[in-house]
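Novice: Here you go, target-v1.cif (mmCIF, C-alpha atoms):
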data_work
loop_
_atom_site.label_atom_id
_atom_site.label_comp_id
_atom_site.auth_asym_id
_atom_site.auth_seq_id
_atom_site.Cartn_x
_atom_site.Cartn_y
_atom_site.Cartn_z
CA MET A 487 -160.90 3.60 53.84
CA LYS A 488 -157.63 5.45 53.16
CA LYS A 489 -155.77 2.52 54.73
CA TRP A 490 -157.16 0.13 52.13
CA LEU A 491 -156.71 2.55 49.26
CA PHE A 492 -153.22 3.90 49.82
CA ARG A 493 -151.23 2.06 52.53
CA PRO A 494 -152.71 -1.44 52.74
CA ALA A 495 -149.46 -3.13 53.78
CA GLN A 496 -149.59 -1.20 57.07
CA HIS A 497 -153.07 -2.34 57.98
CA ILE A 498 -154.13 -5.47 56.07
CA SER A 499 -152.96 -8.97 56.87
CA PRO A 500 -151.16 -10.96 54.14
CA THR A 501 -154.03 -13.46 54.04
CA ILE A 502 -156.68 -10.83 53.34
CA ALA A 503 -154.40 -9.00 50.90
CA GLY A 504 -153.75 -12.23 49.03
CA LEU A 505 -157.44 -13.13 48.88
CA VAL A 506 -158.42 -9.69 47.57
CA GLY A 507 -155.52 -9.82 45.12
CA LEU A 508 -156.53 -13.21 43.73
CA ILE A 509 -160.09 -11.97 43.27
CA ALA A 510 -158.73 -8.94 41.42
CA ILE A 511 -156.56 -11.09 39.15
CA GLY A 512 -159.48 -13.45 38.51
CA LEU A 513 -161.86 -10.59 37.68
CA THR A 514 -159.25 -9.00 35.44
CA GLY A 515 -158.92 -12.22 33.46
CA ILE A 516 -162.67 -12.63 33.05
CA LEU A 517 -163.37 -8.99 32.19
CA ALA A 518 -160.41 -8.83 29.81
CA THR A 519 -161.81 -11.83 27.95
CA VAL A 520 -165.27 -10.24 27.72
CA GLY A 521 -163.83 -6.93 26.54
CA GLY A 522 -161.29 -8.33 24.09
CA LEU A 523 -158.38 -7.06 26.21
CA VAL A 524 -155.00 -8.42 27.26
CA THR A 525 -152.67 -7.52 30.15
CA ASP A 526 -149.54 -8.14 28.09
CA GLY A 527 -147.18 -6.67 30.67
CA MET A 528 -147.10 -5.94 34.37
CA LEU A 529 -148.46 -2.41 33.87
CA ASP A 530 -150.11 -2.84 30.47
CA LEU A 531 -153.71 -3.20 29.39
CA HIS A 532 -154.25 -3.36 25.64
CA PHE A 533 -156.93 -4.26 23.15
CA LEU A 534 -156.24 -7.79 21.95
CA SER A 535 -156.99 -6.75 18.35
CA LEU A 536 -154.13 -4.22 18.49
CA SER A 537 -151.66 -6.30 20.48
CA GLY A 538 -150.37 -8.50 17.67
CA LEU A 539 -151.20 -11.63 19.67
CA ASN A 540 -153.09 -14.57 18.22
CA GLU A 541 -156.56 -15.10 19.65
CA PRO A 542 -157.22 -18.80 20.32
CA PRO A 543 -160.70 -20.12 19.52
CA THR A 544 -161.27 -21.04 23.19
CA GLY A 545 -159.57 -20.64 26.54
CA ARG A 546 -158.66 -16.96 26.30
CA TRP A 547 -159.81 -16.43 29.89
CA LEU A 548 -157.33 -19.08 31.08
CA ILE A 549 -154.55 -17.32 29.20
CA ASN A 550 -155.54 -14.00 30.74
CA TRP A 551 -155.49 -15.55 34.21
CA ALA A 552 -152.09 -17.07 33.54
CA GLN A 553 -150.81 -13.70 32.33
CA GLY A 554 -152.04 -12.08 35.54
CA LEU A 555 -150.10 -14.62 37.59
CA VAL A 556 -147.00 -14.13 35.40
CA ASN A 557 -147.21 -10.38 35.97
CA LEU A 558 -147.48 -10.94 39.72
CA PHE A 559 -144.56 -13.38 39.63
CA TRP A 560 -142.20 -10.91 37.96
CA ALA A 561 -143.27 -8.04 40.22
CA SER A 562 -142.59 -10.19 43.28
CA ILE A 563 -139.22 -11.42 42.03
CA GLY A 564 -138.11 -7.95 40.99
CA LEU A 565 -139.01 -6.21 44.25
CA TRP A 566 -137.67 -9.08 46.38
CA VAL A 567 -134.32 -8.82 44.61
CA ALA A 568 -134.40 -5.02 44.90
CA ALA A 569 -134.97 -5.30 48.65
CA LYS A 570 -132.14 -7.84 48.90
CA LEU A 571 -129.77 -5.48 47.09
CA ALA A 572 -130.79 -2.79 49.58
CA GLY A 573 -129.83 -5.11 52.42
CA ILE A 574 -133.35 -6.24 53.37
CA THR A 575 -134.67 -9.81 53.19
CA LEU A 576 -138.43 -9.76 52.73
CA ASN A 577 -140.86 -12.51 53.61
CA PRO A 578 -141.84 -13.85 50.15
CA TRP A 579 -145.41 -14.66 51.21
CA THR A 580 -146.05 -11.19 52.61
CA LEU A 581 -144.55 -9.54 49.52
CA VAL A 582 -146.51 -11.66 47.03
CA THR A 583 -149.85 -11.20 48.78
CA HIS A 584 -149.54 -7.43 49.05
CA LEU A 585 -148.38 -7.13 45.44
CA ALA A 586 -151.41 -9.20 44.46
CA TYR A 587 -153.57 -6.67 46.31
CA ALA A 588 -151.91 -3.93 44.26
CA ARG A 589 -153.45 -5.46 41.12
CA TRP A 590 -157.02 -4.43 41.90
CA PRO A 591 -156.83 -1.01 40.18
CA ILE A 592 -156.06 -2.95 36.99
CA ALA A 593 -159.27 -4.90 37.58
CA LEU A 594 -161.17 -1.61 37.87
CA ALA A 595 -159.59 -0.35 34.66
CA THR A 596 -160.64 -3.55 32.89
CA ALA A 597 -164.17 -3.17 34.25
CA TYR A 598 -164.24 0.41 32.96
CA LEU A 599 -163.30 -0.73 29.46
CA VAL A 600 -166.10 -3.30 29.31
CA ILE A 601 -168.78 -0.71 30.09
CA PRO A 602 -170.95 -0.65 26.94
CA GLY A 603 -169.69 2.00 24.58
CA VAL A 604 -166.48 2.88 26.45
CA GLY A 605 -164.05 0.31 25.08
CA GLU A 606 -165.49 0.49 21.59
CA THR A 607 -165.23 4.29 21.56
CA ILE A 608 -161.65 4.29 22.82
CA LEU A 609 -160.68 1.67 20.24
CA GLY A 610 -162.34 3.63 17.43
CA LEU A 611 -160.70 6.89 18.50
CA THR A 612 -157.33 5.14 18.79
CA LEU A 613 -157.59 3.86 15.23
CA GLU A 614 -158.65 7.33 14.10
CA MET A 615 -155.59 8.86 15.76
CA VAL A 616 -153.35 6.33 14.04
CA THR A 617 -154.61 7.53 10.67
CA ALA A 618 -153.95 11.11 11.79
CA LEU A 619 -150.22 10.51 12.22
CA PRO A 620 -147.98 12.28 9.68
CA ALA A 621 -147.86 10.14 6.54
CA GLY A 622 -144.81 11.65 4.88
CA PRO A 623 -141.89 14.06 5.31
CA ASP A 624 -143.98 16.95 3.97
CA GLN A 625 -146.58 16.53 6.74
CA VAL A 626 -145.35 17.80 10.09
CA MET A 627 -148.57 17.73 12.11
CA ALA A 628 -152.03 16.21 12.11
CA SER A 629 -155.00 17.99 10.62
CA PRO A 630 -156.94 20.27 13.04
CA ARG A 631 -160.04 18.18 12.40
CA TYR A 632 -158.53 15.51 14.66
CA LEU A 633 -158.37 17.90 17.65
CA LEU A 634 -161.81 17.01 19.01
CA PRO A 635 -161.30 13.22 18.69
CA ALA A 636 -157.91 13.61 20.41
CA MET A 637 -159.55 15.48 23.29
CA GLN A 638 -162.25 12.81 23.54
CA LEU A 639 -159.65 10.05 23.61
CA THR A 640 -157.68 11.86 26.31
CA ALA A 641 -160.77 12.34 28.48
CA LEU A 642 -161.90 8.72 28.11
CA SER A 643 -158.39 7.43 28.80
CA ALA A 644 -157.91 9.48 32.00
CA PRO A 645 -159.39 6.78 34.31
CA LEU A 646 -157.01 4.23 32.79
CA LEU A 647 -154.01 6.44 33.52
CA LEU A 648 -155.21 6.95 37.10
CA ALA A 649 -155.53 3.17 37.51
CA ILE A 650 -151.93 2.65 36.37
CA ILE A 651 -150.68 5.40 38.69
CA TRP A 652 -152.67 3.87 41.55
CA THR A 653 -151.20 0.43 40.87
CA VAL A 654 -147.65 1.80 40.85
CA TRP A 655 -148.35 3.68 44.08
CA LEU A 656 -149.69 0.54 45.81
CA MET A 657 -146.59 -1.38 44.71
CA TYR A 658 -144.32 1.40 45.93
CA ALA A 659 -146.16 1.73 49.25
CA CYS A 660 -145.89 -2.04 49.68
CA PHE A 661 -142.13 -1.92 49.00
CA VAL A 662 -141.51 0.98 51.39
CA ASP A 663 -143.74 -0.32 54.19
CA LEU A 664 -142.29 -3.83 54.09
CA THR A 665 -138.63 -2.85 53.77
CA LYS A 666 -138.83 0.19 56.12
CA LEU A 667 -136.34 1.91 53.83
CA ALA A 668 -136.11 5.68 53.70
CA GLN A 669 -137.75 7.04 50.55
CA THR A 670 -134.47 8.47 49.27
CA LYS A 671 -133.02 4.96 49.29
CA ALA A 672 -136.17 3.07 48.31
CA ILE A 673 -137.05 5.07 45.18
CA PRO A 674 -133.98 4.16 43.05
CA PHE A 675 -134.29 0.46 43.91
CA PHE A 676 -138.04 0.53 43.23
CA ILE A 677 -137.76 2.32 39.89
CA GLY A 678 -135.02 -0.01 38.69
CA ALA A 679 -137.01 -3.09 39.70
CA ILE A 680 -140.21 -1.85 38.04
CA ILE A 681 -138.48 -1.11 34.74
CA ILE A 682 -136.77 -4.50 34.63
CA THR A 683 -139.83 -6.50 35.70
CA GLU A 684 -142.04 -4.66 33.20
CA LEU A 685 -139.68 -5.72 30.42
CA LEU A 686 -139.53 -9.29 31.70
CA SER A 687 -143.31 -9.54 31.96
CA LYS A 688 -143.67 -8.34 28.37
CA LEU A 689 -141.16 -10.96 27.22
CA THR A 690 -143.28 -13.69 28.82
CA VAL A 691 -146.61 -12.51 27.43
CA MET A 692 -149.09 -15.32 26.84
#
Could you render the structure from this file as structure tokens?
Specialist:
Amino acid sequence: MKKWLFRPAQHISPTIAGLVGLIAIGLTGILATVGGLVTDGMLDLHFLSLSGLNEPPTGRWLINWAQGLVNLFWASIGLWVAAKLAGITLNPWTLVTHLAYARWPIALATAYLVIPGVGETILGLTLEMVTALPAGPDQVMASPRYLLPAMQLTALSAPLLLAIIWTVWLMYACFVDLTKLAQTKAIPFFIGAIIITELLSKLTVM
């Protein structure tokens, strides 16, 4: 099980990785539509109502699927270029399929948010925290009455943070295992690629 969870590129064929990845991207699109969510960035999962995006009357699930593929595209391009700069030429098919596999924690995070009561509670607490922000120069901190809601929001959001960390780890493990680079050399290239591709994916949000 650890092989599938943490180092899939060492043990799973590109075909299986790609199939699992496409299922994850498909489920993410469907669940995001049901839960009123949007993956408006390679490592982002937001409530559509807070994203500033227009919600079309129909076809949101198609847009969410397209966004998932856009996120995968930029991740693949960014890490392929990073490997090239490090002196390694990766097989594009192998890279894309294993990066698709790395998207399944995002699918789990989306599924978590559509559990009845979870997404609605997180959204309500988020809006409550926004109202708690200092409103003027004479207010330097939020009222203590917001402490409990803040703790609730932190606890409910913990699985989402773990999903993001897991996704980044799977992408990093994929990059290291496919390039065979030493970690001291791989980390700077990986971090630079992730930052750039995150920005590019947000610029091409659907």
Novice: Residue by residue, what does the PyMOL selection byres ((chain A and resi 679) around 12) grab here? Present the result as a VMD selection string.
Specialist: chain A and resid 528 560 to 572 654 657 to 658 661 672 to 678 680 to 687
Novice: Could you check how far CA of Leu667 (chain A) sits from CA of Arg589 (chain A), in Å to one decimal?
Specialist: 22.6 Å
Novice: Would you mind reading off the distance between CA of Leu594 (chain A) and CA of Leu611 (chain A), one decimal, in Å?
Specialist: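 CA of Leu611 (chain A) lies 21.2 Å from CA of Leu594 (chain A).
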Novice: Can you spell out as a ChimeraX atom specification the set of residues that the PyMOL selection byres ((chain A and resi 598) around 12) selects in the structure I just provided?
Specialist: /A:514,517-518,520-521,523,531,591-597,599-606,608,642-649
Novice: For Phe533 (chain A), which residue out of A:Asn577, A:Thr653, A:Thr612, A:Thr617 is the nearest one, using all atoms listed in the file?
Specialist: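 Ranked by minimum distance to Phe533 (chain A), first place goes to A:Thr612.
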Novice: Expand the PyMOL selection byres ((chain A and resi 550) around 8) into the explicit residue set it covers here, and present it as a list of chain:residue names.
Specialist: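 Taken over the shown coordinates, the PyMOL selection byres ((chain A and resi 550) around 8) returns A:Thr514, A:Gly515, A:Ile516, A:Ala518, A:Thr519, A:Val524, A:Thr525, A:Arg546, A:Trp547, A:Leu548, A:Ile549, A:Trp551, A:Ala552, A:Gln553, A:Gly554, A:Met692.
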Novice: Just checking: using all atoms listed in the file, which residue out of A:Ala588, A:Lys671, A:Leu513, A:Val662 ends up closest to Leu576 (chain A)?
Specialist: A:Val662
Novice: For Gly504 (chain A), find every residue with an atom within 9 Å (counting all atoms listed in the file), except residues of its own chain fewer than 4 positions away, and show them as an MDAnalysis selection string.
Specialist: chainID A and resid 499:500 508:509 579:580 582:587
